[in-house]
Amino acid sequence: MNTIYLKQIPSFPSTEIPLPSSKSESNRVLIIDALTDGENEISNLAEARDTQTMIRLLKTNPPVFDVLDAGTTMRFLTAFAAVTNQNKVMTGTARMCERPIGILVDALRELGADIHYMNKEGYPPLAIHGFKGQLVDQISIRGDVSSQYISALLMIAPLLPNGLSLELTGKVGSVTYIEMTLELMKQFGVAYTWEENIIKVGSQKYHSTAFAVESDWSGASYWFSLLACAESGSLFLKGLKKDSLQGDSKIVEIMDHLGVKSEFVEGGIQLTKQKVKGLKSWDFTHCPDLAQTVAVTCAVLGQKVDFSGLESLRIKETDRIYALQQELAKFNAQLLEGENEVFTLIPSVEIPNEVQIHTYDDHRMAMAFMPLMTKTNVIIEDPEVVNKSYPSFWKHVELVELEN
């Protein structure tokens with residue numbers, strides 16, 4: 001197995017990080033672009049493998065859409081292929097075929113898509129046999145499983161002859177990702193309403209436009225964490241906007257409690273050290289991809305914190321709750337499950353001289369544990385896993401290492 005060795009660096013001088021583009025924005029814009037009559041001017045698309053897979057599949061349009069391990073690509077392309085009346089097999093890696101898709105397929109079938117499962121009911125691989133015509137214009141979908149199902153349906157809604165009224169039932173998670181989808185649709189000329197738990201999108205056309213993808217706030221979170229864990233240093237993160245569509249921009253507020261001051265300036269955001277104010281609890285319902293990053297940061301800083309809103313972590317690239325529990329234990333920290341799906345982070349009291357991190361085929365496990373190098377030597381297994389969302393990550397880590 002390949003590994004990467006990160007030598008302990010307690011501090012670092014002022015460093016500029018050229019962040020990658022947002023995978024979340026890129027994948028949505030690519031679907032909208034494919035549904036638009038006319039040419040769009042799309043720039044700054046993400047280098048992430050998930051996005052590059054989406055680009056390749058849309059461009060070549062093979063009979064089998066093999067999405068590899070890309071969840072958004074699987075869900076968005078399933079809805080796209082159905083509404084555009086295609087015959088398509090949807091598949092991916094072994095882990096991708098363990099990730100549920102039944103809620104989305106049920107909704108698409110209700111709308112008029114002909115889809116059947118090729119193996120296990122409710123999971124890929126699946127076969128799409130076109131769109132029989134719109135059967136209903138009102139459907140309900142659970143809001144507490146994956147916002148990607150909701151986004152997939154919203155993006156195809158304008159192409160439905162009768163539009164779509166989508167009722168979100170139960171607790172709605174990752175609201176910021178749904179808002180991102182709707183705002184991107186709006187920028188391509190689509191009108192919508194969202195009143196209480198019902199989103200309505202009328203039958204209409206996307207309009208061609210020019211759009212530049214913002215830098216990735218999820219990728220930025222690891223650098224916030226690095227500075228929070230370090231004894232001293234400063235970072236400039238390029239390409240981030242104060243009025244971001246990305247929910248993970250919440251990292252600014254979280255890290256303000258954990259010792260990082262943020263200042264938006266021309267071209268990005270300047271991060272400097274400040275006194276740790278402390279964090280007692282945080283609800284990750286609308287920013288679940290930040291959970292691993294914040295858990296490691298709090299473990300290093302000695303912050304005992306209650307985490308909620310982690311339900312969706314069990315069906316990500318791996319069971320992220322289990323993975324966190326296993327790897328935090330390697331430097332004497334714990335993530336304990338309590339009542340009502342609240343988890344308590346118990347910080348480390350003693351960090352060993354070297355820690356080896358298993359990454360579980362999960363890009364965020366590799367990146368979230370990188371800041372541990374401020375306290376000890378770290379070995380990261382399977383470092384190439386970051387290619388899913390941030391292929392240049394280790395090159396950017398070298399920018400900090402080389403300054404020392």
# chains A, B, ... in the order shown; residues from 1 in each chain; ligands from 1
$ residues_around --residues "segment 273-280 of chain A" --least-positions-apart "6" --cutoff "12 Å" --atoms "only C-alpha atoms" --output "ChimeraX atom specification"
/A:11-14,224-235,253-263,294-295,297-299,301-308,343-346
$ write_last_selection --atoms "N, CA and C atoms" --output "CSV table (one decimal), in the first residue's frame"
chain,number,residue,atom,x,y,z
A,11,SER,N,4.8,24.9,13.3
A,11,SER,CA,4.5,26.2,12.9
A,11,SER,C,4.9,26.4,11.4
A,12,PHE,N,4.4,27.4,10.8
A,12,PHE,CA,4.8,27.7,9.4
A,12,PHE,C,4.7,29.2,9.1
A,13,PRO,N,5.4,29.7,8.2
A,13,PRO,CA,5.3,31.2,7.8
A,13,PRO,C,4.1,31.4,6.9
A,14,SER,N,3.9,32.6,6.6
A,14,SER,CA,2.7,33.0,5.7
A,14,SER,C,2.8,32.2,4.4
A,224,PHE,N,-8.0,25.7,7.2
A,224,PHE,CA,-8.4,26.3,8.4
A,224,PHE,C,-8.0,25.5,9.6
A,225,SER,N,-8.2,24.2,9.5
A,225,SER,CA,-7.8,23.2,10.5
A,225,SER,C,-6.3,23.2,10.8
A,226,LEU,N,-5.6,23.2,9.7
A,226,LEU,CA,-4.1,23.2,9.9
A,226,LEU,C,-3.6,24.4,10.7
A,227,LEU,N,-4.2,25.6,10.4
A,227,LEU,CA,-3.8,26.8,11.1
A,227,LEU,C,-4.3,26.8,12.5
A,228,ALA,N,-5.5,26.3,12.8
A,228,ALA,CA,-6.0,26.1,14.1
A,228,ALA,C,-5.2,25.3,15.0
A,229,CYS,N,-4.6,24.2,14.4
A,229,CYS,CA,-3.8,23.2,15.2
A,229,CYS,C,-2.4,23.7,15.4
A,230,ALA,N,-1.9,24.6,14.5
A,230,ALA,CA,-0.5,25.0,14.5
A,230,ALA,C,-0.2,26.0,15.7
A,231,GLU,N,1.0,26.1,16.1
A,231,GLU,CA,1.4,27.0,17.1
A,231,GLU,C,1.4,28.4,16.6
A,232,SER,N,1.8,28.6,15.3
A,232,SER,CA,1.8,29.9,14.7
A,232,SER,C,1.8,29.7,13.2
A,233,GLY,N,1.4,30.8,12.5
A,233,GLY,CA,1.4,30.8,11.0
A,233,GLY,C,0.3,31.6,10.5
A,234,SER,N,0.2,31.8,9.2
A,234,SER,CA,-0.9,32.5,8.5
A,234,SER,C,-1.1,31.9,7.1
A,235,LEU,N,-2.3,32.0,6.6
A,235,LEU,CA,-2.6,31.4,5.3
A,235,LEU,C,-3.4,32.3,4.4
A,253,GLU,N,-17.3,30.4,10.5
A,253,GLU,CA,-17.9,30.6,11.8
A,253,GLU,C,-17.4,29.6,12.8
A,254,ILE,N,-17.3,28.3,12.3
A,254,ILE,CA,-16.8,27.3,13.3
A,254,ILE,C,-15.4,27.6,13.7
A,255,MET,N,-14.5,27.9,12.8
A,255,MET,CA,-13.1,28.1,13.1
A,255,MET,C,-12.9,29.4,13.9
A,256,ASP,N,-13.8,30.3,13.8
A,256,ASP,CA,-13.7,31.5,14.7
A,256,ASP,C,-13.7,31.2,16.1
A,257,HIS,N,-14.4,30.1,16.5
A,257,HIS,CA,-14.4,29.5,17.8
A,257,HIS,C,-13.1,28.8,18.2
A,258,LEU,N,-12.5,28.3,17.1
A,258,LEU,CA,-11.3,27.4,17.3
A,258,LEU,C,-10.0,28.1,17.0
A,259,GLY,N,-9.9,29.4,17.0
A,259,GLY,CA,-8.7,30.1,16.9
A,259,GLY,C,-8.2,30.6,15.6
A,260,VAL,N,-9.1,30.7,14.6
A,260,VAL,CA,-8.8,31.2,13.3
A,260,VAL,C,-9.6,32.4,13.0
A,261,LYS,N,-8.9,33.5,12.7
A,261,LYS,CA,-9.6,34.8,12.3
A,261,LYS,C,-9.6,34.8,10.7
A,262,SER,N,-10.7,35.1,10.2
A,262,SER,CA,-10.9,35.2,8.7
A,262,SER,C,-11.2,36.6,8.2
A,263,GLU,N,-10.5,37.0,7.2
A,263,GLU,CA,-10.7,38.4,6.6
A,263,GLU,C,-10.8,38.2,5.1
A,294,VAL,N,-13.6,19.1,11.6
A,294,VAL,CA,-13.8,19.7,12.9
A,294,VAL,C,-13.5,18.7,14.0
A,295,ALA,N,-13.8,17.5,13.8
A,295,ALA,CA,-13.5,16.5,14.8
A,295,ALA,C,-12.0,16.4,15.1
A,297,THR,N,-9.8,18.7,14.5
A,297,THR,CA,-9.3,19.9,15.1
A,297,THR,C,-9.6,20.0,16.6
A,298,CYS,N,-10.8,19.6,16.9
A,298,CYS,CA,-11.2,19.7,18.4
A,298,CYS,C,-10.4,18.7,19.2
A,299,ALA,N,-10.1,17.5,18.6
A,299,ALA,CA,-9.4,16.5,19.3
A,299,ALA,C,-8.0,17.0,19.6
A,301,LEU,N,-7.0,20.3,19.8
A,301,LEU,CA,-7.1,21.5,20.6
A,301,LEU,C,-7.6,21.3,22.0
A,302,GLY,N,-8.0,20.1,22.3
A,302,GLY,CA,-8.5,19.8,23.7
A,302,GLY,C,-9.9,20.3,23.9
A,303,GLN,N,-10.7,20.3,22.9
A,303,GLN,CA,-12.1,20.8,23.0
A,303,GLN,C,-13.1,19.6,23.0
A,304,LYS,N,-13.8,19.5,24.1
A,304,LYS,CA,-14.8,18.5,24.3
A,304,LYS,C,-16.1,19.1,23.7
A,305,VAL,N,-16.7,18.5,22.6
A,305,VAL,CA,-17.7,19.1,21.9
A,305,VAL,C,-18.8,18.1,21.6
A,306,ASP,N,-20.1,18.5,21.6
A,306,ASP,CA,-21.2,17.6,21.2
A,306,ASP,C,-21.5,17.9,19.7
A,307,PHE,N,-21.5,16.8,18.9
A,307,PHE,CA,-21.8,16.9,17.5
A,307,PHE,C,-23.2,16.3,17.2
A,308,SER,N,-24.0,17.0,16.4
A,308,SER,CA,-25.3,16.4,15.9
A,308,SER,C,-25.3,16.6,14.4
A,343,PHE,N,-23.3,12.9,19.3
A,343,PHE,CA,-22.0,12.3,19.5
A,343,PHE,C,-21.1,13.3,20.3
A,344,THR,N,-20.4,12.8,21.2
A,344,THR,CA,-19.5,13.7,22.0
A,344,THR,C,-18.0,13.4,21.6
A,345,LEU,N,-17.3,14.5,21.2
A,345,LEU,CA,-15.9,14.4,20.9
A,345,LEU,C,-15.1,14.5,22.2
A,346,ILE,N,-14.4,13.5,22.6
A,346,ILE,CA,-13.5,13.6,23.7
A,346,ILE,C,-12.1,13.8,23.2
$ select_by_dssp --residues "segment 57-123 of chain A" --states "alpha helix (DSSP H)" --output "ChimeraX atom specification"
/A:57-60,71-83,102-111
$ atom_distance --atom1 "atom CA of Thr93 of chain A" --atom2 "atom CA of Asp319 of chain A"
15.8 Å
$ residues_around --residues "Ser22 of chain A" --least-positions-apart "4" --cutoff "9 Å" --atoms "only C-alpha atoms" --output "tab-separated table (two decimals) with N, CA and C atoms, in the first residue's frame"
chain	number	residue	atom	x	y	z
A	26	SER	N	-19.46	22.58	-9.71
A	26	SER	CA	-19.11	22.07	-11.04
A	26	SER	C	-20.08	21.01	-11.51
A	27	ASN	N	-20.40	20.03	-10.64
A	27	ASN	CA	-21.25	18.93	-11.06
A	27	ASN	C	-22.68	19.37	-11.34
A	44	ASN	N	-13.49	27.46	-15.08
A	44	ASN	CA	-12.95	27.09	-13.77
A	44	ASN	C	-13.60	25.83	-13.20
A	45	LEU	N	-13.91	24.86	-14.04
A	45	LEU	CA	-14.47	23.59	-13.57
A	45	LEU	C	-13.45	22.86	-12.69
A	46	ALA	N	-13.96	22.05	-11.76
A	46	ALA	CA	-13.11	21.37	-10.79
A	46	ALA	C	-12.21	20.33	-11.45
A	47	GLU	N	-11.01	20.16	-10.85
A	47	GLU	CA	-10.08	19.12	-11.29
A	47	GLU	C	-10.42	17.77	-10.66
A	48	ALA	N	-11.38	17.75	-9.73
A	48	ALA	CA	-11.74	16.54	-9.00
A	48	ALA	C	-12.11	15.41	-9.95
A	213	VAL	N	-16.95	28.89	-11.89
A	213	VAL	CA	-17.08	28.13	-10.65
A	213	VAL	C	-16.16	28.72	-9.58
A	214	GLU	N	-16.69	28.83	-8.36
A	214	GLU	CA	-15.91	29.35	-7.22
A	214	GLU	C	-14.93	28.29	-6.71
A	215	SER	N	-13.92	28.72	-5.97
A	215	SER	CA	-13.04	27.78	-5.28
A	215	SER	C	-13.83	26.98	-4.26
A	216	ASP	N	-13.24	25.87	-3.82
A	216	ASP	CA	-13.96	24.88	-3.02
A	216	ASP	C	-13.81	25.13	-1.52
A	217	TRP	N	-14.92	25.40	-0.85
A	217	TRP	CA	-14.90	25.63	0.59
A	217	TRP	C	-14.64	24.33	1.37
A	218	SER	N	-15.07	23.20	0.85
A	218	SER	CA	-14.77	21.93	1.52
A	218	SER	C	-13.26	21.73	1.57
A	219	GLY	N	-12.59	21.99	0.44
A	219	GLY	CA	-11.14	21.89	0.38
A	219	GLY	C	-10.46	22.93	1.26
A	246	GLN	N	-21.87	27.95	-1.33
A	246	GLN	CA	-21.49	26.67	-0.72
A	246	GLN	C	-21.72	26.66	0.79
A	389	SER	N	-11.58	14.48	-5.03
A	389	SER	CA	-12.07	15.85	-4.92
A	389	SER	C	-10.98	16.91	-4.99
$ closest_residue --among "A:Cys287, A:Met90, A:Ala329, A:Leu135" --to "Tyr177 of chain A" --atoms "only C-alpha atoms"
A:Cys287
$ residues_around --residues "Thr78 of chain A" --least-positions-apart "5" --cutoff "10 Å" --atoms "only C-alpha atoms" --output "PyMOL selection string"
chain A and resi 65+72-73+83+86+88-91+101+104-105+108+115+126-128+149+152-153
$ closest_residue --among "A:Phe188, A:Phe331, A:Thr176, A:Arg364" --to "Ser249 of chain A" --atoms "only C-alpha atoms"
A:Thr176
$ residues_around --residues "segment 373-387 of chain A" --least-positions-apart "5" --cutoff "8 Å" --atoms "only C-alpha atoms" --output "PDB file with C-alpha atoms, in the first residue's frame"
ATOM      1  CA  MET A   1       0.000   0.000   0.000  1.00  0.00           C
ATOM      2  CA  ASN A   2       1.207   3.498  -0.853  1.00  0.00           C
ATOM      3  CA  THR A   3       1.678   5.930   2.008  1.00  0.00           C
ATOM      4  CA  ILE A   4       2.779   9.518   2.449  1.00  0.00           C
ATOM      5  CA  TYR A   5       4.915  10.631   5.400  1.00  0.00           C
ATOM      6  CA  LEU A   6       4.194  14.017   6.937  1.00  0.00           C
ATOM      7  CA  LYS A   7       6.980  15.220   9.198  1.00  0.00           C
ATOM      8  CA  GLN A   8       5.889  17.196  12.229  1.00  0.00           C
ATOM      9  CA  ILE A   9       5.656  20.950  11.543  1.00  0.00           C
ATOM     10  CA  PRO A  10       4.464  22.850  14.652  1.00  0.00           C
ATOM     11  CA  SER A  11       4.510  26.221  12.854  1.00  0.00           C
ATOM     12  CA  ALA A  48     -11.741  16.544  -9.001  1.00  0.00           C
ATOM     13  CA  ARG A  49     -12.088  13.024 -10.385  1.00  0.00           C
ATOM     14  CA  LEU A 226      -4.093  23.233   9.877  1.00  0.00           C
ATOM     15  CA  CYS A 229      -3.825  23.222  15.174  1.00  0.00           C
ATOM     16  CA  ALA A 230      -0.495  24.996  14.546  1.00  0.00           C
ATOM     17  CA  GLU A 231       1.386  27.018  17.132  1.00  0.00           C
ATOM     18  CA  VAL A 300      -6.020  18.271  18.837  1.00  0.00           C
ATOM     19  CA  ILE A 351      -0.490  12.223  21.146  1.00  0.00           C
ATOM     20  CA  PRO A 352       2.055   9.493  20.213  1.00  0.00           C
ATOM     21  CA  ASN A 353       5.303  10.331  18.413  1.00  0.00           C
ATOM     22  CA  GLU A 354       3.894   8.888  15.188  1.00  0.00           C
ATOM     23  CA  VAL A 355       0.378   8.096  13.981  1.00  0.00           C
ATOM     24  CA  GLN A 356      -0.631   6.041  10.930  1.00  0.00           C
ATOM     25  CA  ILE A 357      -4.046   6.874   9.460  1.00  0.00           C
ATOM     26  CA  HIS A 358      -6.133   4.399   7.477  1.00  0.00           C
ATOM     27  CA  THR A 359      -8.277   6.235   4.910  1.00  0.00           C
ATOM     28  CA  ASP A 361     -11.197   4.713   0.388  1.00  0.00           C
ATOM     29  CA  ASP A 362     -12.412   8.118   1.592  1.00  0.00           C
ATOM     30  CA  HIS A 363     -10.748  11.309   0.369  1.00  0.00           C
ATOM     31  CA  ARG A 364     -11.976  13.323   3.345  1.00  0.00           C
ATOM     32  CA  ALA A 366      -6.969  11.517   4.228  1.00  0.00           C
ATOM     33  CA  MET A 367      -7.309  15.294   4.199  1.00  0.00           C
ATOM     34  CA  SER A 392      -3.419  18.769  -5.984  1.00  0.00           C
ATOM     35  CA  PHE A 393      -3.823  18.436  -2.207  1.00  0.00           C
TER      36      PHE A 393
END
$ residues_around --residues "Gly38 of chain A" --least-positions-apart "2" --cutoff "7 Å" --atoms "only C-alpha atoms" --output "MDAnalysis selection string"
chainID A and resid 36 40 208
$ closest_residue --among "A:Val172, A:Leu182, A:Ala34, A:Ala70" --to "Thr285 of chain A" --atoms "only C-alpha atoms"
A:Val172
$ atom_distance --atom1 "atom CA of Leu164 of chain A" --atom2 "atom CA of Lys316 of chain A"
27.9 Å
$ residues_around --residues "Asp144 of chain A" --least-positions-apart "5" --cutoff "8 Å" --atoms "only C-alpha atoms" --output "list in words"
Gly170, Lys171, Val172, Gly173 and Ser312 of chain A
$ closest_residue --among "A:Leu166, A:Met370, A:Ile17, A:Ala82" --to "Gly130 of chain A" --atoms "only C-alpha atoms"
A:Ala82
$ atom_distance --atom1 "atom CA of Phe211 of chain A" --atom2 "atom CA of Met180 of chain A"
13.9 Å
$ closest_residue --among "A:Ser348, A:Asn61, A:Ser203, A:Gln52" --to "Ile156 of chain A" --atoms "only C-alpha atoms"
A:Ser203
$ select_by_dssp --residues "segment 298-342 of chain A" --states "strand (DSSP E or B)" --output "number ranges by chain"
A: 305-308, 334-337
$ closest_residue --among "A:Ser24, A:Asn85, A:Gln138, A:Ser165" --to "Gly247 of chain A" --atoms "only C-alpha atoms"
A:Ser24
